[in-house]
>>> print(open('query_12.pdb').read())   # PDB, C-alpha atoms
ATOM      1  CA  VAL D 125     228.431 149.096 222.841
ATOM      2  CA  ARG D 126     231.447 151.416 222.823
ATOM      3  CA  HIS D 127     230.257 152.965 226.082
ATOM      4  CA  VAL D 128     230.107 149.551 227.792
ATOM      5  CA  ALA D 129     233.591 148.638 226.510
ATOM      6  CA  ALA D 130     235.035 151.934 227.772
ATOM      7  CA  LYS D 131     233.452 151.302 231.201
ATOM      8  CA  LYS D 132     235.040 147.830 231.282
ATOM      9  CA  TRP D 133     238.492 149.317 230.563
ATOM     10  CA  LEU D 134     238.033 151.955 233.253
ATOM     11  CA  ARG D 135     237.085 149.247 235.776
ATOM     12  CA  LEU D 136     240.241 147.335 234.802
ATOM     13  CA  ALA D 137     242.388 150.452 235.395
ATOM     14  CA  ARG D 138     240.827 150.823 238.874
ATOM     15  CA  PHE D 139     241.577 147.167 239.578
ATOM     16  CA  PHE D 140     245.288 147.840 238.907
ATOM     17  CA  THR D 141     245.265 150.825 241.306
ATOM     18  CA  ILE D 142     243.575 148.804 244.067
ATOM     19  CA  LEU D 143     246.064 145.951 243.636
ATOM     20  CA  GLU D 144     248.949 148.403 243.946
ATOM     21  CA  GLN D 145     247.585 149.972 247.112
ATOM     22  CA  MET D 146     247.170 146.553 248.742
ATOM     23  CA  THR D 147     250.912 145.949 248.649
ATOM     24  CA  LYS D 148     251.934 149.117 250.511
ATOM     25  CA  GLY D 149     253.026 148.926 254.159
ATOM     26  CA  ASP D 150     252.702 151.629 256.816
ATOM     27  CA  HIS D 151     256.046 151.342 258.586
ATOM     28  CA  LEU D 152     258.848 153.884 258.846
ATOM     29  CA  GLY D 153     262.188 153.098 257.202
ATOM     30  CA  ALA D 154     265.506 154.397 258.574
ATOM     31  CA  PHE D 155     265.754 157.301 256.106
ATOM     32  CA  GLU D 156     262.067 158.125 256.515
ATOM     33  CA  LEU D 157     262.606 158.328 260.284
ATOM     34  CA  THR D 158     265.561 160.699 259.708
ATOM     35  CA  VAL D 159     263.433 162.902 257.449
ATOM     36  CA  ILE D 160     260.451 162.981 259.809
ATOM     37  CA  LEU D 161     262.706 163.897 262.778
ATOM     38  CA  VAL D 162     264.183 166.743 260.724
ATOM     39  CA  LEU D 163     260.657 167.926 259.845
ATOM     40  CA  ILE D 164     259.766 168.028 263.560
ATOM     41  CA  ARG D 165     262.973 169.961 264.263
ATOM     42  CA  LEU D 166     262.379 172.528 261.486
ATOM     43  CA  GLY D 167     258.746 173.203 262.340
ATOM     44  CA  ASP D 168     257.085 175.670 259.970
ATOM     45  CA  ASN D 169     260.142 176.257 257.772
ATOM     46  CA  ALA D 170     260.416 172.713 256.434
ATOM     47  CA  TYR D 171     260.879 172.713 252.667
ATOM     48  CA  GLY D 172     263.455 170.978 250.451
ATOM     49  CA  VAL D 173     266.509 173.196 251.020
ATOM     50  CA  PRO D 174     266.501 173.422 254.858
ATOM     51  CA  ILE D 175     265.537 169.736 255.091
ATOM     52  CA  CYS D 176     268.623 168.721 253.063
ATOM     53  CA  GLU D 177     270.882 171.142 254.957
ATOM     54  CA  GLU D 178     269.659 169.879 258.325
ATOM     55  CA  ILE D 179     270.156 166.222 257.342
ATOM     56  CA  GLU D 180     273.660 167.005 256.036
ATOM     57  CA  MET D 181     274.537 168.953 259.196
ATOM     58  CA  ARG D 182     273.202 166.321 261.608
ATOM     59  CA  THR D 183     274.452 163.201 259.820
ATOM     60  CA  GLY D 184     277.604 164.618 258.183
ATOM     61  CA  ARG D 185     276.653 163.047 254.849
ATOM     62  CA  ASP D 186     275.621 164.550 251.514
ATOM     63  CA  VAL D 187     272.058 163.744 250.495
ATOM     64  CA  ALA D 188     270.473 163.755 247.064
ATOM     65  CA  ILE D 189     267.453 166.010 246.963
ATOM     66  CA  GLY D 190     265.675 163.375 244.847
ATOM     67  CA  SER D 191     265.941 160.766 247.590
ATOM     68  CA  VAL D 192     264.689 163.260 250.211
ATOM     69  CA  TYR D 193     261.615 163.991 248.091
ATOM     70  CA  ALA D 194     261.096 160.265 247.476
ATOM     71  CA  ALA D 195     261.001 159.738 251.259
ATOM     72  CA  LEU D 196     258.688 162.748 251.709
ATOM     73  CA  GLU D 197     256.302 161.400 249.059
ATOM     74  CA  ARG D 198     256.198 158.000 250.784
ATOM     75  CA  LEU D 199     255.546 159.667 254.143
ATOM     76  CA  GLU D 200     252.792 161.786 252.641
ATOM     77  CA  HIS D 201     251.238 158.725 251.041
ATOM     78  CA  LYS D 202     251.242 156.943 254.400
ATOM     79  CA  GLY D 203     249.548 159.941 256.004
ATOM     80  CA  PHE D 204     252.468 160.841 258.286
ATOM     81  CA  VAL D 205     253.188 164.142 256.527
ATOM     82  CA  ARG D 206     251.105 166.758 254.719
ATOM     83  CA  SER D 207     252.323 169.393 252.302
ATOM     84  CA  GLN D 208     251.315 172.835 251.090
ATOM     85  CA  LEU D 209     252.628 175.116 248.379
ATOM     86  CA  GLY D 210     254.322 178.310 249.495
ATOM     87  CA  GLU D 211     255.231 181.494 247.716
ATOM     88  CA  PRO D 212     257.340 181.534 244.516
ATOM     89  CA  THR D 213     260.642 183.429 244.792
ATOM     90  CA  ALA D 214     263.057 184.879 242.234
ATOM     91  CA  GLU D 215     266.052 182.913 243.549
ATOM     92  CA  ARG D 216     264.128 179.722 242.748
ATOM     93  CA  GLY D 217     263.404 180.800 239.167
ATOM     94  CA  GLY D 218     259.849 181.777 240.102
ATOM     95  CA  ARG D 219     259.025 178.331 241.454
ATOM     96  CA  ALA D 220     256.991 177.833 244.614
ATOM     97  CA  LYS D 221     258.381 176.203 247.742
ATOM     98  CA  LYS D 222     256.639 173.112 249.028
ATOM     99  CA  TYR D 223     256.358 173.038 252.805
ATOM    100  CA  PHE D 224     255.975 169.779 254.714
ATOM    101  CA  HIS D 225     254.411 169.286 258.157
ATOM    102  CA  VAL D 226     254.209 166.188 260.339
ATOM    103  CA  THR D 227     250.625 165.062 261.013
ATOM    104  CA  ALA D 228     249.290 163.812 264.354
ATOM    105  CA  ARG D 229     249.425 160.296 262.937
ATOM    106  CA  GLY D 230     253.070 160.835 262.006
ATOM    107  CA  LEU D 231     253.929 162.012 265.524
ATOM    108  CA  THR D 232     252.207 158.958 267.029
ATOM    109  CA  GLU D 233     254.140 156.662 264.697
ATOM    110  CA  VAL D 234     257.474 158.317 265.629
ATOM    111  CA  ARG D 235     256.687 158.014 269.354
ATOM    112  CA  ASP D 236     255.763 154.323 268.931
ATOM    113  CA  MET D 237     258.966 153.705 267.029
ATOM    114  CA  GLN D 238     261.044 155.531 269.624
ATOM    115  CA  ARG D 239     259.491 153.389 272.378
ATOM    116  CA  SER D 240     260.195 150.171 270.466
ATOM    117  CA  LEU D 241     263.781 151.174 269.633
ATOM    118  CA  VAL D 242     264.548 152.192 273.237
ATOM    119  CA  LYS D 243     263.237 148.828 274.432
ATOM    120  CA  LEU D 244     265.400 147.051 271.871
ATOM    121  CA  TRP D 245     268.426 149.158 272.823
ATOM    122  CA  GLN D 246     268.250 148.332 276.541
ATOM    123  CA  GLY D 247     270.401 145.540 277.930
ATOM    124  CA  LEU D 248     272.813 145.281 275.007
ATOM    125  CA  PRO D 249     276.343 145.477 276.430
ATOM    126  CA  GLU D 250     277.868 145.538 272.905
ATOM    127  CA  LEU D 251     276.255 148.919 272.239
ATOM    128  CA  GLU D 252     277.134 150.585 275.541
ATOM    129  CA  ARG D 253     279.158 153.796 275.463
ATOM    130  CA  GLY D 254     282.893 153.423 274.869
ATOM    131  CA  LYS D 255     282.738 149.919 273.369
ATOM    132  CA  ALA D 256     283.545 149.367 269.702
TER
ATOM    133  CA  MET R 298     280.366 178.476 239.136
ATOM    134  CA  THR R 299     278.211 180.621 236.834
ATOM    135  CA  GLY R 300     275.015 182.503 237.704
ATOM    136  CA  GLU R 301     272.746 180.170 235.757
ATOM    137  CA  ALA R 302     272.372 176.494 236.559
ATOM    138  CA  PRO R 303     273.547 174.115 233.761
ATOM    139  CA  THR R 304     270.878 174.382 231.070
ATOM    140  CA  VAL R 305     271.097 170.816 229.773
ATOM    141  CA  ALA R 306     270.905 169.305 233.263
ATOM    142  CA  LYS R 307     267.931 171.508 234.067
ATOM    143  CA  CYS R 308     266.230 170.598 230.785
ATOM    144  CA  LEU R 309     266.836 166.909 231.503
ATOM    145  CA  LEU R 310     265.304 167.269 234.943
ATOM    146  CA  ARG R 311     262.349 169.297 233.674
ATOM    147  CA  ASN R 312     261.501 166.760 230.958
ATOM    148  CA  PHE R 313     262.401 163.454 232.598
ATOM    149  CA  GLY R 314     262.042 164.060 236.330
ATOM    150  CA  CYS R 315     259.189 161.717 237.286
ATOM    151  CA  SER R 316     258.433 163.018 240.774
ATOM    152  CA  PRO R 317     255.044 164.694 241.322
ATOM    153  CA  ASN R 318     257.096 167.399 243.112
ATOM    154  CA  ASN R 319     259.381 167.994 240.128
ATOM    155  CA  GLU R 320     258.831 171.768 240.015
ATOM    156  CA  ALA R 321     259.605 172.129 243.736
ATOM    157  CA  ILE R 322     262.730 169.986 243.301
ATOM    158  CA  ILE R 323     263.979 172.203 240.444
ATOM    159  CA  GLY R 324     263.298 175.270 242.593
ATOM    160  CA  ASP R 325     265.196 173.771 245.537
ATOM    161  CA  LEU R 326     268.127 172.826 243.307
ATOM    162  CA  ASP R 327     268.244 176.353 241.843
ATOM    163  CA  GLU R 328     268.181 177.843 245.323
ATOM    164  CA  ARG R 329     271.010 175.613 246.583
ATOM    165  CA  TYR R 330     272.994 176.193 243.382
ATOM    166  CA  GLY R 331     272.633 179.944 243.940
ATOM    167  CA  GLN R 332     274.186 179.493 247.380
ATOM    168  CA  GLY R 333     277.509 178.569 245.757
ATOM    169  CA  ARG R 334     277.349 174.980 244.515
ATOM    170  CA  CYS R 335     279.319 173.945 241.427
ATOM    171  CA  ASP R 336     278.044 172.692 238.059
ATOM    172  CA  SER R 337     279.086 169.079 238.760
ATOM    173  CA  TRP R 338     277.019 169.128 241.986
ATOM    174  CA  TYR R 339     273.970 170.295 239.969
ATOM    175  CA  TRP R 340     274.522 167.601 237.339
ATOM    176  CA  ARG R 341     274.888 164.894 239.978
ATOM    177  CA  GLN R 342     271.754 166.024 241.789
ATOM    178  CA  ALA R 343     269.762 166.264 238.526
ATOM    179  CA  LEU R 344     270.789 162.776 237.353
ATOM    180  CA  LEU R 345     270.193 161.216 240.773
ATOM    181  CA  THR R 346     266.787 162.870 240.948
ATOM    182  CA  VAL R 347     265.758 161.577 237.502
ATOM    183  CA  VAL R 348     266.954 158.047 238.295
ATOM    184  CA  ALA R 349     265.523 157.983 241.842
ATOM    185  CA  SER R 350     262.147 159.412 240.815
ATOM    186  CA  PHE R 351     261.947 156.975 237.870
ATOM    187  CA  PHE R 352     262.561 153.928 240.055
ATOM    188  CA  VAL R 353     260.189 155.187 242.764
ATOM    189  CA  GLU R 354     257.436 155.654 240.181
ATOM    190  CA  ILE R 355     257.856 152.263 238.530
ATOM    191  CA  TRP R 356     258.098 150.603 241.967
ATOM    192  CA  ASN R 357     254.880 152.332 243.021
ATOM    193  CA  HIS R 358     253.141 151.465 239.742
ATOM    194  CA  LYS R 359     254.485 148.030 238.852
ATOM    195  CA  LEU R 360     251.398 146.827 237.042
ATOM    196  CA  LEU R 361     250.933 150.109 235.200
ATOM    197  CA  THR R 362     254.572 149.844 234.101
ATOM    198  CA  LEU R 363     253.934 146.381 232.694
ATOM    199  CA  ARG R 364     250.850 147.721 230.923
ATOM    200  CA  ALA R 365     252.830 150.674 229.493
ATOM    201  CA  ILE R 366     255.552 148.362 228.174
ATOM    202  CA  GLY R 367     252.878 146.076 226.682
ATOM    203  CA  VAL R 368     251.108 149.002 225.018
ATOM    204  CA  GLY R 369     254.406 150.219 223.547
ATOM    205  CA  TRP R 370     255.178 146.804 222.087
ATOM    206  CA  VAL R 371     251.675 146.569 220.614
ATOM    207  CA  VAL R 372     252.349 149.874 218.807
ATOM    208  CA  PHE R 373     255.673 148.443 217.635
ATOM    209  CA  VAL R 374     254.017 145.297 216.263
ATOM    210  CA  GLY R 375     251.545 147.539 214.394
ATOM    211  CA  TRP R 376     254.364 149.504 212.805
ATOM    212  CA  GLU R 377     256.485 146.447 212.101
ATOM    213  CA  SER R 378     254.179 145.365 209.295
ATOM    214  CA  GLY R 379     254.807 148.792 207.751
ATOM    215  CA  PHE R 380     258.583 148.344 208.054
ATOM    216  CA  ASN R 381     258.356 144.913 206.463
ATOM    217  CA  LEU R 382     256.212 146.232 203.616
ATOM    218  CA  THR R 383     258.768 148.976 202.886
ATOM    219  CA  ARG R 384     261.570 146.403 202.919
ATOM    220  CA  GLU R 385     259.653 144.062 200.567
ATOM    221  CA  LEU R 386     258.732 146.838 198.128
ATOM    222  CA  LEU R 387     262.101 148.581 198.033
ATOM    223  CA  TRP R 388     264.589 145.787 198.722
ATOM    224  CA  ARG R 389     266.440 146.450 195.467
ATOM    225  CA  TYR R 390     267.133 150.071 196.363
ATOM    226  CA  GLU R 391     269.118 150.153 199.598
ATOM    227  CA  ARG R 392     269.436 153.952 199.886
ATOM    228  CA  LEU R 393     265.774 154.526 199.099
ATOM    229  CA  THR R 394     264.809 151.911 201.718
ATOM    230  CA  ILE R 395     266.851 153.748 204.332
ATOM    231  CA  ALA R 396     265.446 157.113 203.215
ATOM    232  CA  VAL R 397     261.896 155.811 203.646
ATOM    233  CA  GLN R 398     262.562 153.880 206.843
ATOM    234  CA  VAL R 399     264.185 156.752 208.745
ATOM    235  CA  PRO R 400     260.965 158.816 208.869
ATOM    236  CA  GLU R 401     259.057 155.574 209.490
ATOM    237  CA  VAL R 402     261.233 154.803 212.512
ATOM    238  CA  VAL R 403     260.935 158.373 213.826
ATOM    239  CA  LEU R 404     257.165 158.316 213.375
ATOM    240  CA  PHE R 405     256.917 154.961 215.122
ATOM    241  CA  GLY R 406     259.007 156.218 218.062
ATOM    242  CA  VAL R 407     257.082 159.465 218.461
ATOM    243  CA  SER R 408     253.706 157.730 218.151
ATOM    244  CA  ALA R 409     254.701 154.975 220.611
ATOM    245  CA  GLY R 410     255.902 157.570 223.150
ATOM    246  CA  TRP R 411     252.736 159.583 222.601
ATOM    247  CA  VAL R 412     250.392 156.594 222.997
ATOM    248  CA  VAL R 413     252.181 155.335 226.134
ATOM    249  CA  ALA R 414     252.099 158.814 227.709
ATOM    250  CA  ARG R 415     248.458 159.438 226.782
ATOM    251  CA  LEU R 416     247.282 156.103 228.178
ATOM    252  CA  HIS R 417     249.114 156.557 231.492
ATOM    253  CA  PRO R 418     248.248 160.057 232.690
ATOM    254  CA  GLN R 419     249.009 159.147 236.332
ATOM    255  CA  SER R 420     252.708 158.758 235.645
ATOM    256  CA  GLN R 421     253.463 159.739 232.062
ATOM    257  CA  ARG R 422     257.208 160.392 232.189
ATOM    258  CA  ALA R 423     258.058 157.248 234.149
ATOM    259  CA  MET R 424     255.982 155.070 231.812
ATOM    260  CA  VAL R 425     257.587 156.547 228.681
ATOM    261  CA  LEU R 426     261.063 156.128 230.198
ATOM    262  CA  ALA R 427     260.228 152.534 231.200
ATOM    263  CA  TYR R 428     259.108 151.655 227.671
ATOM    264  CA  ALA R 429     262.093 153.425 226.066
ATOM    265  CA  ALA R 430     264.493 151.595 228.410
ATOM    266  CA  CYS R 431     262.808 148.244 227.745
ATOM    267  CA  PHE R 432     262.846 148.830 223.972
ATOM    268  CA  ALA R 433     266.537 149.814 224.011
ATOM    269  CA  ALA R 434     267.454 146.822 226.203
ATOM    270  CA  VAL R 435     265.631 144.328 223.940
ATOM    271  CA  GLN R 436     267.172 145.837 220.800
ATOM    272  CA  MET R 437     270.651 145.751 222.365
ATOM    273  CA  LEU R 438     270.223 142.105 223.350
ATOM    274  CA  TRP R 439     269.146 141.325 219.801
ATOM    275  CA  LEU R 440     272.149 143.251 218.463
ATOM    276  CA  VAL R 441     274.596 141.376 220.678
ATOM    277  CA  SER R 442     273.113 137.955 219.921
ATOM    278  CA  ALA R 443     272.934 138.704 216.191
ATOM    279  CA  SER R 444     276.525 139.920 216.085
ATOM    280  CA  LEU R 445     277.721 136.766 217.829
ATOM    281  CA  THR R 446     276.023 134.540 215.250
ATOM    282  CA  ALA R 447     276.719 136.766 212.227
ATOM    283  CA  PRO R 448     278.491 135.394 209.140
ATOM    284  CA  SER R 449     281.379 137.708 209.983
ATOM    285  CA  GLY R 450     281.997 135.535 213.040
ATOM    286  CA  PHE R 451     285.759 135.616 212.513
ATOM    287  CA  TYR R 452     285.791 139.371 213.094
ATOM    288  CA  PRO R 453     286.267 140.605 216.625
ATOM    289  CA  PHE R 454     282.877 141.508 218.108
ATOM    290  CA  ILE R 455     283.538 145.260 218.324
ATOM    291  CA  TYR R 456     284.785 145.334 214.712
ATOM    292  CA  ALA R 457     281.604 143.623 213.549
ATOM    293  CA  VAL R 458     279.390 145.996 215.530
ATOM    294  CA  ILE R 459     281.160 149.073 214.182
ATOM    295  CA  PHE R 460     281.785 148.169 210.568
ATOM    296  CA  PHE R 461     279.386 145.403 209.559
ATOM    297  CA  ASN R 462     276.605 147.091 207.599
ATOM    298  CA  PRO R 463     273.480 145.511 209.149
ATOM    299  CA  PHE R 464     274.756 146.384 212.613
ATOM    300  CA  ILE R 465     275.314 150.034 211.761
ATOM    301  CA  TYR R 466     271.725 150.067 210.530
ATOM    302  CA  ALA R 467     270.534 148.303 213.697
ATOM    303  CA  GLU R 468     272.461 150.704 215.942
ATOM    304  CA  PHE R 469     271.033 153.658 214.065
ATOM    305  CA  PHE R 470     267.552 152.145 214.378
ATOM    306  CA  LEU R 471     268.079 151.576 218.108
ATOM    307  CA  VAL R 472     269.301 155.105 218.891
ATOM    308  CA  THR R 473     266.809 156.906 216.624
ATOM    309  CA  THR R 474     263.837 154.934 217.865
ATOM    310  CA  THR R 475     264.717 155.323 221.542
ATOM    311  CA  VAL R 476     265.239 159.076 221.152
ATOM    312  CA  SER R 477     261.974 159.337 219.175
ATOM    313  CA  ILE R 478     260.053 157.481 221.904
ATOM    314  CA  LEU R 479     261.411 159.950 224.476
ATOM    315  CA  VAL R 480     260.571 162.917 222.228
ATOM    316  CA  GLY R 481     257.017 161.605 221.731
ATOM    317  CA  GLY R 482     256.635 161.266 225.488
ATOM    318  CA  VAL R 483     258.064 164.718 226.177
ATOM    319  CA  LEU R 484     255.775 166.311 223.563
ATOM    320  CA  THR R 485     252.765 164.772 225.302
ATOM    321  CA  THR R 486     253.796 165.671 228.852
ATOM    322  CA  GLN R 487     254.473 169.300 227.901
ATOM    323  CA  ARG R 488     250.978 169.838 226.510
TER
END
>>> encode(input="query_12.pdb", output="structure tokens")
Amino acid sequence: VRHVAAKKWLRLARFFTILEQMTKGDHLGAFELTVILVLIRLGDNAYGVPICEEIEMRTGRDVAIGSVYAALERLEHKGFVRSQLGEPTAERGGRAKKYFHVTARGLTEVRDMQRSLVKLWQGLPELERGKA
Amino acid sequence: MTGEAPTVAKCLLRNFGCSPNNEAIIGDLDERYGQGRCDSWYWRQALLTVVASFFVEIWNHKLLTLRAIGVGWVVFVGWESGFNLTRELLWRYERLTIAVQVPEVVLFGVSAGWVVARLHPQSQRAMVLAYAACFAAVQMLWLVSASLTAPSGFYPFIYAVIFFNPFIYAEFFLVTTTVSILVGGVLTTQR
């Protein structure tokens, strides 16, 4: 009897997980697009520190490392990015680096988005160079 | 700037950072701190990381969060009968009541944190934090509403909250229980 009850509870837990996954979209947000472009730029050396430095250098704004990782986790969940653990170093207190790479699906999504944005950009006199 | 990153901030991040990449985040923060960042930068990054990762986790696991809060309150209801029994048995002896109820409150908090963390292995820290925050918010609401309708209504609110005996007890209960819930959760996640 206990075994059947435990199975019922496990099925209920799975139901919650499925419900949660149904509500997730597959689109790129503005910050996610920034992060994925930086990942493409950095190539094989894309882990937390250079990602933050590159974003700060390119955008001129400070970023919180927590929000960068939140975006990376979302991208990984959507299948646009994959990660792998690197080597631990002394300057990091013996902790391993986590490297991120853009997947083929991620590249396709960025290209699609670029195409859509360029189309939207065209023919807007308010956004032409030199106008406020 | 000193050679070592601020210990308390690091400890906070290690125990309450909810991101699945928490270790990598701590490593990245240490590396950037070693490049010449100041203590306030580390603190800001640590707090933002805890808050951001907490909200990301509860947003990603809304239903699990509701379940965790529900489970925590069920544990509370179970313990409440114990609190009431102590109060009924020892109501004549105020100091003894407090002496018995302090360990009771600590045990409740630790056990609630432990149960919530154990039942939500996917996202233990976020679920414990969510329950602790919900518990503290409900207790604070009760405290505010009770102080507004208290017999000492002619006192200014702050005076009543600071000096009126039941409120001191309630504040103590609120802080001790919330800290105990967090400790219970941390003890589970570190195992």
>>> interface_residues(input="query_12.pdb", of="chain R", to="chain D", cutoff="9 Å", atoms="all atoms listed in the file", output="PyMOL selection string")
chain R and resi 316-318+320-329+331+341-343+345-350+353+357-361
>>> residues_around(input="query_12.pdb", residues="range 370-375 of chain R", least_positions_apart="4", cutoff="9 Å", atoms="only C-alpha atoms", output="PyMOL selection string")
chain R and resi 365-366+379+405-406+408-409+412+428+432
>>> resolve_selection(input="query_12.pdb", expression="the PyMOL selection byres ((chain R and resi 425) around 9)", output="PyMOL selection string")
chain R and resi 365-366+369+409-411+413-414+417+420-424+426-430+478-479+481-483
>>> atom_distance(input="query_12.pdb", atom1="CA of Ala433 in chain R", atom2="CA of Phe470 in chain R")
10.0 Å
>>> atom_distance(input="query_12.pdb", atom1="CA of Glu180 in chain D", atom2="CA of Gly333 in chain R")
15.9 Å
>>> resolve_selection(input="query_12.pdb", expression="the PyMOL selection byres ((chain D and resi 158) around 12)", output="list in words")
Leu152, Gly153, Ala154, Phe155, Glu156, Leu157, Val159, Ile160, Leu161, Val162, Leu163, Ile164, Arg165, Ile175, Cys176, Glu178, Ile179, Glu180, Arg182, Thr183, Val187, Val192, Ala195, Leu196, Leu199 and Val234 of chain D
>>> closest_residue(input="query_12.pdb", among="D:Thr227, D:Thr232, D:Gln246, D:Gln238", to="His201 in chain D", atoms="all atoms listed in the file")
D:Thr227
>>> atom_distance(input="query_12.pdb", atom1="CA of Val435 in chain R", atom2="CA of Tyr390 in chain R")
28.2 Å
>>> resolve_selection(input="query_12.pdb", expression="the PyMOL selection byres ((chain D and resi 205) around 8)", output="PyMOL selection string")
chain D and resi 196+199-204+206-207+224-227+230
